[in-house]
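Asker: The structure under discussion is supplied below as structure tokens; questions concerning it will follow.
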Amino acid sequence: MHAKGNYMKFMTVRSCGTNNPNFMVIPGGLIDISHINIRVDLKQRLAKARADIRAFKYLPKGWDSYDSEAPSQTAIESALSVIDHMEFLGVEPNWCIPTSDDSILLEFEWSNITYKWELESDGDIGVMIRPSEGEPEYLDLQAKQIAEFFTDHCHGAL
């Protein structure tokens, strides 16, 4: 069998006779499962990103050698909320790092637009939206506005 992941639990699979791991034969024909493998990999990468973000709270005082504190639980929860919405879009962060001012920086790309988030420890959020062409846009949000942002800026384009 050439299929990967949990997909095989739901149907009878026969060897497809090719060396391509992205296809499998089921009764009735050949099915491309490459998108399923990609989704499984994405889920694993997002799970790691979530674990990394949760681990930020364990950074010791002065972790950056400048007497910085770890990001607050508010910043961590905001970053996790952004990751949850990114999963719906099928994207993962390019990077996600704690900063010396107790915030979290996170960047991802979707639909030829780069989104840079600064999730601050007091709940304030700055978002830079940089399209591949044109001028960047800057927004100030609160944590409770993350879902609304994704609805207005991303989900409507799906």
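Simple scheme: letters A, B, ... for chains in structure tokens order, numbers from 1 for residues in each chain, numbers from 1 for ligands in the order shown.
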Using only C-alpha atoms, determine which residues lie at most 12 Å from stretch 51-59 of chain A, disregarding the query and same-chain residues fewer than 4 positions distant; provide the list as an MDAnalysis selection string.

Answerer: chainID A and resid 44:47 63:65 67:83 93 95:100 102:106 119 121

Asker: Tell me which protein, DNA and RNA residues are within 10 Å of stretch 130-136 of chain A, counting only C-alpha atoms, leaving out same-chain ones fewer than 3 positions away, and put them as a VMD selection string.

Answerer: chain A and resid 109 to 116 127

Asker: Between atom CA of A:Arg50 and atom CA of A:Asp122, measure the distance and give it in Å to one decimal.

Answerer: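 Calculated distance between atom CA of A:Arg50 and atom CA of A:Asp122 is 20.0 Å.
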
Asker: Find, counting only C-alpha atoms, the residue in A:Asp124, A:Asp84, A:Glu118, A:Asp41 that gets nearest to A:Phe150.

Answerer: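 Distance minimum relative to A:Phe150 lands on A:Asp84.
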
Asker: Using only C-alpha atoms, which residue out of A:Trp117, A:Asp101, A:Leu42, A:Cys154 lies closest to A:Gly62?

Answerer: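 Checking each of A:Trp117, A:Asp101, A:Leu42, A:Cys154 against A:Gly62, counting only C-alpha atoms, the winner is A:Asp101.
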